[in-house]
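Data block below; observations after.
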Amino acid sequence: MQKWMSLVVCVPAAVMTPQVYAQEQQARPFQVVRLDQAFDQALQAAPTPPTQSDITRLAQVIAEHQPIYARLGHNAPKLYAKIAFSNHAIAQDNVRTRAYFNQRDLTQEVKRLRQKTIKALGIQPRYPTVYYLAYGYRRGTNAQTQSGATTKDGKTHVYLNLVALARQRHWESAIVHETIHTLQGLVLPKETTLLTRTMLEGVPTYLAQAIQGHLSDADAMFWSPEQWQAAEKHRQAIIQAFAQQRHVTDPQQMTTFLQLHKPLQSVPGAPDRTGYYVGFLAVKAWVRQNPERPLQELLSVSPKEFWQALEQDMQNISVTQRDRTIL
């Protein structure tokens with residue numbers, strides 16, 4: 001996902017009409033690349049205090065995968081390497097991340113959750129997939145998927161920012177969420193509406209919770225409990241604000257609904273990425289109205305259908321509230 005769209009969370013770089021590839025039963029190869037391990041090895045091999053050569057060596061490790069680090073918020077290898085050896089807040093974030101994931105086999109966790117997701121939906125990814133795990137900036141993109149339809153190597157790339165995901169169950173949610181994006185097989189056209197983008201995020205947000213079972217609404221959204229409560233407090237106002245903007249295609253106009261750490265200005269008190277929230281609510285509404293339909297079918301429902309389900313849901317709530325008032 002482009003920087004301004006960061007997901008939660010996690011929009012594929014581009015979009016076709018949603019299609020279900022149920023007929024493609026052959027397993028697609030996948031790989032987990034642990035950039036965090038190479039980073040740690042270079043860091044731990046240096047003496048205290050480090051020499052300039054040690055800093056240069058770490059900078060080279062970072063520069064080898066600079067496009068990935070840039071996606072996750074670190075654009076300057078030399079500066080990031082220098083900071084990593086200091087007591088800077090970014091270095092402390094990395095230390096806390098190591099502690100959070102200590103004694104865990106993250107490669108196996110990715111494999112397990114990926115397999116669980118594929119099995120639950122009965123669909124294989126359209127392209128081979130590579131999961132990149134790295135220390136990103138805490139306030140940078142937390143997770144992102146780039147479709148194999150747009151990459152030079154023809155593989156889908158999944159980027160996971162360990163620093164941003166090292167809390168609550170955001171790590172698990174991100175793996176499932178991004179794996180679902182690999183199943184969507186989507187490429188976004190240039191003139192994609194806000195409605196389409198948000199519903200494409202609402203589907204993996206809902207499915208991650210359904211597949212995992214124990215994810216809270218906040219964790220499914222990569223939010224804190226306080227952020228979820230703030231969104232619920234302003235639910236009606238957020239949906240109304242979204243309804244007015246749902247047909248826009250200008251990326252700059254979409255930022256207040258899609259960008260991390262940029263709360264919705266038209267609704268004071270609302271958290272960031274409220275577009276993802278609206279998409280999540282819309283998918284929930286559609287499922288309530290179609291309880292017998294299989295989870296797999298969510299990958300082929302149109303954004304318009306999801307939105308109509310949410311509108312119907314809101315109308316039902318209004319009628320119920322009116323009836324209670326009359327009584």
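Ligands are numbered from 1 in the order shown, chains are lettered A, B, ... in the order of the structure tokens, and residues start at 1 in each chain.
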
Need the shell around stretch 103-110 of chain A: protein/DNA/RNA residues with any atom at most 8 Å away, counting only C-alpha atoms. Skip same-chain ones fewer than 3 positions apart. Format as a list in words?
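Here the answer would be Val32, Arg34, Leu113, Arg114 and Ile175 of chain A.
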
Only N, CA and C atoms, please: the residues just picked out, written as a PDB file, in the first residue's frame.
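File produced: selection_26.pdb:
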```
ATOM      1  N   VAL A  32       9.515 -16.614   3.684  1.00  0.00           N
ATOM      2  CA  VAL A  32       9.579 -15.608   4.746  1.00  0.00           C
ATOM      3  C   VAL A  32      11.007 -15.103   4.816  1.00  0.00           C
ATOM      4  N   ARG A  34      13.556 -12.811   6.843  1.00  0.00           N
ATOM      5  CA  ARG A  34      13.728 -12.199   8.158  1.00  0.00           C
ATOM      6  C   ARG A  34      14.788 -11.096   8.115  1.00  0.00           C
ATOM      7  N   LEU A 113      -0.306 -19.386  10.319  1.00  0.00           N
ATOM      8  CA  LEU A 113      -1.458 -18.514  10.112  1.00  0.00           C
ATOM      9  C   LEU A 113      -1.819 -18.404   8.634  1.00  0.00           C
ATOM     10  N   ARG A 114      -0.818 -18.448   7.780  1.00  0.00           N
ATOM     11  CA  ARG A 114      -1.085 -18.439   6.336  1.00  0.00           C
ATOM     12  C   ARG A 114      -1.863 -19.688   5.945  1.00  0.00           C
ATOM     13  N   ILE A 175      -0.888 -10.795   9.817  1.00  0.00           N
ATOM     14  CA  ILE A 175      -0.539 -11.931   8.958  1.00  0.00           C
ATOM     15  C   ILE A 175      -1.782 -12.451   8.233  1.00  0.00           C
TER      16      ILE A 175
END
```

Selection: 12 Å around A:Thr151, only C-alpha atoms, excl. self and same-chain fewer than 4 positions, as a list in words
Pro12, Ala13, Ala14, Tyr127, Pro128, Thr129, Val130, Thr145, Gln146, Ser147, Lys155, Thr156, His157, Val158 and Val187 of chain A

Using DSSP on the backbone, list every residue of stretch 50-286 of chain A that comes out as alpha helix (DSSP H), and give them as a PyMOL selection string.
chain A and resi 52-63+66-71+77-84+89-100+106-121+162-165+170-184+194-212+217-220+225-233+235-245+251-258+274-286

A:Thr117 surroundings by only C-alpha atoms, 8 Å radius, close-in-sequence under 6 positions cut, as a ChimeraX atom specification:
/A:176,179-180,211

Calculated over only C-alpha atoms, which of the candidates A:Glu232, A:Glu201, A:Glu297, A:Glu292 has the smallest distance to A:Gly279?
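That would be A:Glu201, the residue with the smallest distance to A:Gly279.
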